[in-house]
Amino acid sequence: QVQLVESGGGSVQAGGSLRLSCAASGFTSRRYCMGWFRQAPGKEREGVARIKIDSNSIDYADSVKGRFTISQDNAKNTLYLQMNSLKPEDTAMYYCAADLPSPWVGCSLRANVYKNWGQGTQVTVSS
């Protein structure tokens with residue numbers, strides 16, 4: 001059973017940085033995709049960044065390109081999201097997710113193809 005535990009959220013001023021961590025366990029292979037998603041009040045959950053564990057292929061949402069960096073530490077079974085130049089519009093609950101690649105869309109930023117989710121960590125950016 002896949003388990004994901006996020007940490008590292010908090011409150012920062014615009015322009016600041018935070019690093020989120022996601023401790024993962026229960027993977028049965030290295031073919032998994034892992035991703036960071038966020039959901040602001042009244043909005044749909046959106047993909048922020050994703051990584052394929054075995055190939056290290058990475059994709060970002062346009063809104064975070066050049067500011068956020070997703071990475072993995074295989075020895076620690078941990079996924080990271082380094083967030084720089086934070087903006088008030090980045091305020092949201094951030095979730096870590098993992099699943100095997102979808103047979104239709106592969107390793108995706110679409111939230112509905114992931115079955116395994118963490119509990120979330122809140123990020124608040126003030127202006």
# chains A, B, ... in the order shown; residues from 1 in each chain; ligands from 1
$ select_by_dssp --residues "chain A" --states "helix (DSSP H, G or I)" --output "short mmCIF file (atom, residue, chain, number, x, y, z; two decimals) with C-alpha atoms, in the first residue's frame"
data_model
loop_
_atom_site.label_atom_id
_atom_site.label_comp_id
_atom_site.auth_asym_id
_atom_site.auth_seq_id
_atom_site.Cartn_x
_atom_site.Cartn_y
_atom_site.Cartn_z
CA ASN A 74 15.87 7.76 -4.13
CA ALA A 75 17.96 6.81 -1.10
CA LYS A 76 15.45 8.55 1.17
CA PRO A 88 0.16 35.24 -3.50
CA GLU A 89 -1.56 33.20 -6.21
CA ASP A 90 0.56 30.21 -5.17
CA ALA A 111 -4.99 14.86 -10.93
CA ASN A 112 -7.65 12.33 -11.90
CA VAL A 113 -5.12 9.71 -13.00
#
$ residues_around --residues "A:Asn116" --least-positions-apart "3" --cutoff "8 Å" --atoms "only C-alpha atoms" --output "compact mmCIF listing (two decimals) with N, CA and C atoms, in the first residue's frame"
# COMPACT_ATOMS: atom_id res chain seq x y z
N VAL A 2 0.66 2.13 -0.97
CA VAL A 2 1.44 3.35 -1.07
C VAL A 2 1.01 4.34 0.01
N GLN A 3 1.99 4.89 0.69
CA GLN A 3 1.72 5.94 1.68
C GLN A 3 2.58 7.15 1.37
N LEU A 4 1.98 8.31 1.48
CA LEU A 4 2.66 9.57 1.16
C LEU A 4 2.42 10.56 2.30
N ALA A 97 1.21 13.15 -4.84
CA ALA A 97 0.45 12.02 -5.39
C ALA A 97 1.39 11.07 -6.11
N ALA A 98 0.96 9.82 -6.21
CA ALA A 98 1.78 8.81 -6.89
C ALA A 98 0.88 7.75 -7.51
N ASP A 99 1.32 7.23 -8.64
CA ASP A 99 0.63 6.12 -9.28
C ASP A 99 1.49 5.60 -10.44
$ closest_residue --among "A:Gly66, A:Pro41, A:Gly35, A:Gly8" --to "A:Cys96" --atoms "only C-alpha atoms"
A:Gly35
$ closest_residue --among "A:Gln72, A:Ser108, A:Gln119, A:Gln39" --to "A:Thr91" --atoms "only C-alpha atoms"
A:Gln39
$ atom_distance --atom1 "atom CA of A:Val12" --atom2 "atom CA of A:Ile58"
26.0 Å
$ select_by_dssp --residues "stretch 14-110 of chain A" --states "strand (DSSP E)" --output "count of residues only"
45
$ residues_around --residues "A:Gly118" --least-positions-apart "2" --cutoff "12 Å" --atoms "only C-alpha atoms" --output "compact mmCIF listing (two decimals) with all heavy atoms, in the first residue's frame"
# COMPACT_ATOMS: atom_id res chain seq x y z
N VAL A 2 0.66 2.13 -0.97
CA VAL A 2 1.44 3.35 -1.07
C VAL A 2 1.01 4.34 0.01
O VAL A 2 -0.18 4.57 0.22
CB VAL A 2 1.27 3.98 -2.46
CG1 VAL A 2 1.95 5.33 -2.52
CG2 VAL A 2 1.82 3.05 -3.54
N GLN A 3 1.99 4.89 0.69
CA GLN A 3 1.72 5.94 1.68
C GLN A 3 2.58 7.15 1.37
O GLN A 3 3.77 7.01 1.04
CB GLN A 3 1.99 5.44 3.09
CG GLN A 3 1.00 4.37 3.56
CD GLN A 3 1.12 4.05 5.04
OE1 GLN A 3 2.22 4.04 5.58
NE2 GLN A 3 0.00 3.82 5.69
N LEU A 4 1.98 8.31 1.48
CA LEU A 4 2.66 9.57 1.16
C LEU A 4 2.42 10.56 2.30
O LEU A 4 1.27 10.76 2.72
CB LEU A 4 2.11 10.15 -0.14
CG LEU A 4 2.16 9.22 -1.37
CD1 LEU A 4 1.32 9.79 -2.51
CD2 LEU A 4 3.60 9.01 -1.81
N VAL A 5 3.49 11.17 2.78
CA VAL A 5 3.37 12.12 3.88
C VAL A 5 4.12 13.39 3.51
O VAL A 5 5.34 13.38 3.37
CB VAL A 5 3.93 11.54 5.19
CG1 VAL A 5 3.79 12.57 6.31
CG2 VAL A 5 3.22 10.24 5.56
N GLU A 6 3.35 14.48 3.36
CA GLU A 6 3.95 15.77 3.00
C GLU A 6 4.37 16.55 4.25
O GLU A 6 3.78 16.37 5.33
CB GLU A 6 2.96 16.64 2.21
CG GLU A 6 2.44 16.03 0.94
CD GLU A 6 1.06 15.42 1.12
OE1 GLU A 6 0.76 14.99 2.25
OE2 GLU A 6 0.29 15.38 0.15
N SER A 7 5.34 17.42 4.05
CA SER A 7 5.75 18.35 5.10
C SER A 7 6.40 19.56 4.44
O SER A 7 6.71 19.52 3.24
CB SER A 7 6.72 17.69 6.08
OG SER A 7 7.88 17.26 5.41
N SER A 21 8.40 18.55 1.15
CA SER A 21 8.90 17.18 1.09
C SER A 21 7.73 16.21 1.11
O SER A 21 6.70 16.49 1.72
CB SER A 21 9.82 16.89 2.28
OG SER A 21 10.93 17.75 2.29
N CYS A 22 7.93 15.07 0.47
CA CYS A 22 6.92 14.01 0.46
C CYS A 22 7.64 12.69 0.69
O CYS A 22 8.37 12.22 -0.19
CB CYS A 22 6.16 13.99 -0.85
SG CYS A 22 5.03 12.58 -1.04
N ALA A 23 7.47 12.12 1.87
CA ALA A 23 8.06 10.83 2.19
C ALA A 23 7.15 9.72 1.67
O ALA A 23 5.96 9.70 2.01
CB ALA A 23 8.26 10.70 3.69
N ALA A 24 7.72 8.85 0.86
CA ALA A 24 6.92 7.83 0.19
C ALA A 24 7.32 6.44 0.65
O ALA A 24 8.48 6.17 0.96
CB ALA A 24 7.10 7.94 -1.32
N SER A 25 6.35 5.54 0.68
CA SER A 25 6.61 4.14 1.00
C SER A 25 5.58 3.26 0.31
O SER A 25 4.52 3.75 -0.11
CB SER A 25 6.57 3.90 2.51
OG SER A 25 5.30 4.20 3.03
N MET A 34 5.27 10.44 -9.82
CA MET A 34 4.93 11.21 -8.61
C MET A 34 4.73 12.66 -9.01
O MET A 34 5.38 13.16 -9.92
CB MET A 34 6.03 11.10 -7.56
CG MET A 34 6.19 9.71 -6.98
SD MET A 34 7.27 9.70 -5.53
CE MET A 34 6.19 10.46 -4.30
N GLY A 35 3.83 13.30 -8.30
CA GLY A 35 3.55 14.68 -8.67
C GLY A 35 3.16 15.53 -7.48
O GLY A 35 2.80 15.02 -6.42
N TRP A 36 3.27 16.82 -7.68
CA TRP A 36 2.78 17.81 -6.73
C TRP A 36 1.56 18.49 -7.35
O TRP A 36 1.60 18.92 -8.51
CB TRP A 36 3.84 18.84 -6.41
CG TRP A 36 4.94 18.32 -5.55
CD1 TRP A 36 6.19 17.92 -5.94
CD2 TRP A 36 4.90 18.15 -4.13
NE1 TRP A 36 6.91 17.50 -4.87
CE2 TRP A 36 6.15 17.64 -3.74
CE3 TRP A 36 3.93 18.39 -3.14
CZ2 TRP A 36 6.46 17.35 -2.41
CZ3 TRP A 36 4.23 18.11 -1.84
CH2 TRP A 36 5.49 17.59 -1.47
N PHE A 37 0.53 18.61 -6.54
CA PHE A 37 -0.70 19.25 -6.96
C PHE A 37 -1.09 20.28 -5.92
O PHE A 37 -0.63 20.23 -4.78
CB PHE A 37 -1.81 18.20 -7.11
CG PHE A 37 -1.53 17.19 -8.20
CD1 PHE A 37 -0.66 16.13 -7.96
CD2 PHE A 37 -2.10 17.31 -9.44
CE1 PHE A 37 -0.36 15.22 -8.96
CE2 PHE A 37 -1.82 16.40 -10.45
CZ PHE A 37 -0.94 15.37 -10.20
N ARG A 38 -1.94 21.20 -6.29
CA ARG A 38 -2.40 22.19 -5.32
C ARG A 38 -3.87 22.49 -5.55
O ARG A 38 -4.39 22.37 -6.67
CB ARG A 38 -1.56 23.47 -5.41
CG ARG A 38 -1.68 24.24 -6.71
CD ARG A 38 -0.69 25.39 -6.72
NE ARG A 38 -0.80 26.18 -7.95
CZ ARG A 38 0.06 27.16 -8.27
NH1 ARG A 38 1.07 27.45 -7.46
NH2 ARG A 38 -0.11 27.82 -9.38
N LEU A 79 10.30 12.85 -2.22
CA LEU A 79 10.07 13.78 -3.31
C LEU A 79 10.10 15.19 -2.75
O LEU A 79 9.61 15.43 -1.64
CB LEU A 79 8.71 13.50 -3.96
CG LEU A 79 8.32 14.34 -5.16
CD1 LEU A 79 9.12 13.91 -6.38
CD2 LEU A 79 6.82 14.21 -5.44
N MET A 93 -3.48 24.51 -0.69
CA MET A 93 -3.07 23.26 -0.06
C MET A 93 -2.32 22.47 -1.13
O MET A 93 -2.83 22.31 -2.25
CB MET A 93 -4.28 22.48 0.43
CG MET A 93 -3.93 21.22 1.20
SD MET A 93 -3.25 21.59 2.82
CE MET A 93 -4.77 21.94 3.71
N TYR A 94 -1.13 22.03 -0.77
CA TYR A 94 -0.31 21.28 -1.71
C TYR A 94 -0.32 19.80 -1.35
O TYR A 94 -0.14 19.43 -0.17
CB TYR A 94 1.13 21.82 -1.70
CG TYR A 94 1.27 23.10 -2.49
CD1 TYR A 94 0.73 24.29 -2.02
CD2 TYR A 94 1.93 23.11 -3.71
CE1 TYR A 94 0.84 25.47 -2.75
CE2 TYR A 94 2.05 24.27 -4.45
CZ TYR A 94 1.50 25.45 -3.97
OH TYR A 94 1.61 26.61 -4.70
N TYR A 95 -0.51 18.97 -2.37
CA TYR A 95 -0.60 17.54 -2.18
C TYR A 95 0.45 16.81 -3.02
O TYR A 95 0.75 17.22 -4.15
CB TYR A 95 -1.97 17.02 -2.62
CG TYR A 95 -3.14 17.58 -1.85
CD1 TYR A 95 -3.78 18.74 -2.26
CD2 TYR A 95 -3.62 16.93 -0.71
CE1 TYR A 95 -4.86 19.25 -1.56
CE2 TYR A 95 -4.70 17.42 0.01
CZ TYR A 95 -5.32 18.58 -0.43
OH TYR A 95 -6.38 19.09 0.27
N CYS A 96 0.95 15.74 -2.46
CA CYS A 96 1.82 14.81 -3.17
C CYS A 96 0.95 13.64 -3.65
O CYS A 96 0.04 13.21 -2.93
CB CYS A 96 2.89 14.33 -2.20
SG CYS A 96 3.97 13.04 -2.81
N ALA A 97 1.21 13.15 -4.84
CA ALA A 97 0.45 12.02 -5.39
C ALA A 97 1.39 11.07 -6.11
O ALA A 97 2.46 11.47 -6.58
CB ALA A 97 -0.63 12.51 -6.34
N ALA A 98 0.96 9.82 -6.21
CA ALA A 98 1.78 8.81 -6.89
C ALA A 98 0.88 7.75 -7.51
O ALA A 98 -0.18 7.42 -6.97
CB ALA A 98 2.74 8.16 -5.90
N TYR A 114 -4.29 9.88 -10.71
CA TYR A 114 -3.53 9.43 -9.54
C TYR A 114 -4.49 8.89 -8.49
O TYR A 114 -5.47 9.54 -8.14
CB TYR A 114 -2.73 10.59 -8.95
CG TYR A 114 -1.57 11.02 -9.82
CD1 TYR A 114 -1.76 11.88 -10.90
CD2 TYR A 114 -0.28 10.55 -9.57
CE1 TYR A 114 -0.69 12.27 -11.70
CE2 TYR A 114 0.79 10.95 -10.37
CZ TYR A 114 0.57 11.80 -11.43
OH TYR A 114 1.62 12.18 -12.22
N LYS A 115 -4.16 7.72 -7.96
CA LYS A 115 -5.02 7.10 -6.93
C LYS A 115 -4.48 7.31 -5.53
O LYS A 115 -5.23 7.21 -4.56
CB LYS A 115 -5.14 5.60 -7.18
CG LYS A 115 -5.92 5.21 -8.42
CD LYS A 115 -6.20 3.71 -8.47
CE LYS A 115 -4.95 2.88 -8.50
NZ LYS A 115 -4.20 3.05 -9.77
N ASN A 116 -3.19 7.57 -5.38
CA ASN A 116 -2.56 7.63 -4.06
C ASN A 116 -2.21 9.08 -3.72
O ASN A 116 -1.48 9.72 -4.49
CB ASN A 116 -1.31 6.77 -4.02
CG ASN A 116 -1.60 5.34 -4.44
OD1 ASN A 116 -2.26 4.60 -3.72
ND2 ASN A 116 -1.12 4.95 -5.62
N GLY A 120 -1.74 16.47 2.48
CA GLY A 120 -1.62 17.87 2.10
C GLY A 120 -0.86 18.71 3.12
O GLY A 120 -0.80 18.39 4.31
N THR A 121 -0.27 19.79 2.63
CA THR A 121 0.41 20.75 3.48
C THR A 121 0.08 22.15 2.95
O THR A 121 0.11 22.40 1.74
CB THR A 121 1.93 20.49 3.52
OG1 THR A 121 2.56 21.36 4.46
CG2 THR A 121 2.60 20.66 2.16
$ closest_residue --among "A:Asn77, A:Trp104, A:Ser85, A:Leu109" --to "A:Asp62" --atoms "only C-alpha atoms"
A:Leu109
$ closest_residue --among "A:Gln1, A:Ser102, A:Thr69, A:Ser11" --to "A:Asn84" --atoms "only C-alpha atoms"
A:Thr69
$ atom_distance --atom1 "atom CA of A:Ser127" --atom2 "atom CA of A:Ala40"
16.4 Å
$ closest_residue --among "A:Lys52, A:Gly42, A:Ser126, A:Asp73" --to "A:Ser29" --atoms "only C-alpha atoms"
A:Lys52
